[in-house]
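Remarks on the structure that follows.
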Amino acid sequence: MKPYQRYPFISLTDMTHVAKVVELIGNSEKGWEDGAQAAVDEARKTIHGITGIEVTDMTAKIDPNTGKITEFHTTVKIAFGVEHT
């Protein structure tokens, strides 16, 4: 198995043969999908060429009085191509 096949969310092109993966945690009051999107939106401020994500964990904060979820946390690995100069 080629190393990048362990990470199917990575898309390498002819221009980029090296990918970097960073792990972030996004938060949302709406749901885990919004938490993942929050992580991607924040990453896009400084990272260019994001090719995919892998959700590695989902957790939540619970209000002890109501038992309701008050905050969703989504841990994602974000892949992007390393630019050559």
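Just remember, in the structure tokens the first chain shown is A, the second B, etc., residues are 1-based per chain, and ligands are 1-based in the order shown.
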- Message: Write out as a VMD selection string the set of residues from range 8-59 of chain A that DSSP, computed on the backbone, places in alpha helix (DSSP H).
- Response: chain A and resid 32 to 43
Quick one: write out the picked residues with all heavy atoms as an mmCIF file, in the first residue's frame?
```cif
data_model
loop_
_atom_site.group_PDB
_atom_site.id
_atom_site.type_symbol
_atom_site.label_atom_id
_atom_site.label_comp_id
_atom_site.auth_asym_id
_atom_site.auth_seq_id
_atom_site.Cartn_x
_atom_site.Cartn_y
_atom_site.Cartn_z
ATOM 1 N N TRP A 32 -22.348 18.531 14.607
ATOM 2 C CA TRP A 32 -20.986 18.123 14.282
ATOM 3 C C TRP A 32 -20.585 18.540 12.874
ATOM 4 O O TRP A 32 -19.437 18.896 12.639
ATOM 5 C CB TRP A 32 -20.835 16.614 14.466
ATOM 6 C CG TRP A 32 -20.771 16.233 15.913
ATOM 7 C CD1 TRP A 32 -19.756 16.493 16.788
ATOM 8 C CD2 TRP A 32 -21.754 15.544 16.662
ATOM 9 N NE1 TRP A 32 -20.058 16.004 18.035
ATOM 10 C CE2 TRP A 32 -21.293 15.408 17.987
ATOM 11 C CE3 TRP A 32 -23.004 15.019 16.350
ATOM 12 C CZ2 TRP A 32 -22.005 14.773 18.989
ATOM 13 C CZ3 TRP A 32 -23.717 14.388 17.351
ATOM 14 C CH2 TRP A 32 -23.218 14.272 18.652
ATOM 15 N N GLU A 33 -21.507 18.506 11.925
ATOM 16 C CA GLU A 33 -21.183 18.938 10.567
ATOM 17 C C GLU A 33 -20.777 20.416 10.556
ATOM 18 O O GLU A 33 -19.805 20.791 9.909
ATOM 19 C CB GLU A 33 -22.370 18.711 9.631
ATOM 20 C CG GLU A 33 -22.058 19.071 8.187
ATOM 21 C CD GLU A 33 -23.220 18.772 7.242
ATOM 22 O OE1 GLU A 33 -24.171 18.055 7.635
ATOM 23 O OE2 GLU A 33 -23.172 19.263 6.108
ATOM 24 N N ASP A 34 -21.496 21.235 11.284
ATOM 25 C CA ASP A 34 -21.140 22.649 11.383
ATOM 26 C C ASP A 34 -19.805 22.830 12.096
ATOM 27 O O ASP A 34 -19.048 23.748 11.791
ATOM 28 C CB ASP A 34 -22.229 23.439 12.104
ATOM 29 C CG ASP A 34 -23.467 23.657 11.244
ATOM 30 O OD1 ASP A 34 -23.353 23.576 10.008
ATOM 31 O OD2 ASP A 34 -24.542 23.901 11.814
ATOM 32 N N GLY A 35 -19.508 21.955 13.058
ATOM 33 C CA GLY A 35 -18.210 21.996 13.726
ATOM 34 C C GLY A 35 -17.078 21.704 12.758
ATOM 35 O O GLY A 35 -16.040 22.377 12.766
ATOM 36 N N ALA A 36 -17.276 20.703 11.902
ATOM 37 C CA ALA A 36 -16.268 20.374 10.887
ATOM 38 C C ALA A 36 -16.095 21.544 9.918
ATOM 39 O O ALA A 36 -14.967 21.910 9.557
ATOM 40 C CB ALA A 36 -16.670 19.111 10.126
ATOM 41 N N GLN A 37 -17.197 22.146 9.503
ATOM 42 C CA GLN A 37 -17.119 23.282 8.581
ATOM 43 C C GLN A 37 -16.411 24.462 9.231
ATOM 44 O O GLN A 37 -15.653 25.177 8.578
ATOM 45 C CB GLN A 37 -18.512 23.686 8.110
ATOM 46 C CG GLN A 37 -18.486 24.726 6.995
ATOM 47 C CD GLN A 37 -17.799 24.204 5.737
ATOM 48 O OE1 GLN A 37 -18.195 23.180 5.187
ATOM 49 N NE2 GLN A 37 -16.766 24.895 5.285
ATOM 50 N N ALA A 38 -16.634 24.678 10.528
ATOM 51 C CA ALA A 38 -15.956 25.761 11.242
ATOM 52 C C ALA A 38 -14.446 25.546 11.223
ATOM 53 O O ALA A 38 -13.672 26.500 11.045
ATOM 54 C CB ALA A 38 -16.464 25.852 12.681
ATOM 55 N N ALA A 39 -14.007 24.299 11.381
ATOM 56 C CA ALA A 39 -12.578 23.993 11.330
ATOM 57 C C ALA A 39 -12.012 24.272 9.936
ATOM 58 O O ALA A 39 -10.938 24.870 9.796
ATOM 59 C CB ALA A 39 -12.332 22.541 11.729
ATOM 60 N N VAL A 40 -12.740 23.865 8.903
ATOM 61 C CA VAL A 40 -12.294 24.111 7.518
ATOM 62 C C VAL A 40 -12.262 25.610 7.232
ATOM 63 O O VAL A 40 -11.296 26.122 6.651
ATOM 64 C CB VAL A 40 -13.194 23.379 6.500
ATOM 65 C CG1 VAL A 40 -12.876 23.812 5.078
ATOM 66 C CG2 VAL A 40 -13.051 21.873 6.651
ATOM 67 N N ASP A 41 -13.290 26.331 7.652
ATOM 68 C CA ASP A 41 -13.343 27.778 7.406
ATOM 69 C C ASP A 41 -12.166 28.484 8.065
ATOM 70 O O ASP A 41 -11.562 29.381 7.469
ATOM 71 C CB ASP A 41 -14.660 28.363 7.918
ATOM 72 C CG ASP A 41 -15.869 27.908 7.107
ATOM 73 O OD1 ASP A 41 -15.682 27.376 5.997
ATOM 74 O OD2 ASP A 41 -16.997 28.079 7.610
ATOM 75 N N GLU A 42 -11.829 28.090 9.266
ATOM 76 C CA GLU A 42 -10.703 28.709 9.964
ATOM 77 C C GLU A 42 -9.384 28.342 9.287
ATOM 78 O O GLU A 42 -8.509 29.199 9.111
ATOM 79 C CB GLU A 42 -10.681 28.268 11.435
ATOM 80 C CG GLU A 42 -9.710 29.028 12.285
ATOM 81 C CD GLU A 42 -10.026 30.509 12.414
ATOM 82 O OE1 GLU A 42 -11.207 30.910 12.301
ATOM 83 O OE2 GLU A 42 -9.076 31.291 12.608
ATOM 84 N N ALA A 43 -9.239 27.088 8.881
ATOM 85 C CA ALA A 43 -8.013 26.648 8.205
ATOM 86 C C ALA A 43 -7.805 27.391 6.894
ATOM 87 O O ALA A 43 -6.666 27.741 6.545
ATOM 88 C CB ALA A 43 -8.062 25.143 7.954
#
```
- Task: Determine, counting only C-alpha atoms, which protein, DNA and RNA residues have an atom within 10 Å of an atom of Gly31 in chain A; residues of the same chain fewer than 5 positions away are not included. Present the result as a count of residues only.
- Result: 9
- Item | Near-Val76 in chain A list (8 Å; only C-alpha atoms; drop same-chain fewer than 4 positions) as a PyMOL selection string | chain A and resi 23-26+36+39+53-57
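Of the residues under consideration (A:Thr75, A:Asn65, A:Glu29, A:Phe80), A:Phe80 shows the shortest atom-to-atom contact distance to Gly52 in chain A when counting only C-alpha atoms.
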- Would you give me, as a VMD selection string, the residues in range 22-83 of chain A that DSSP reads as strand (DSSP E or B)? chain A and resid 22 to 28 50 to 62 69 to 81
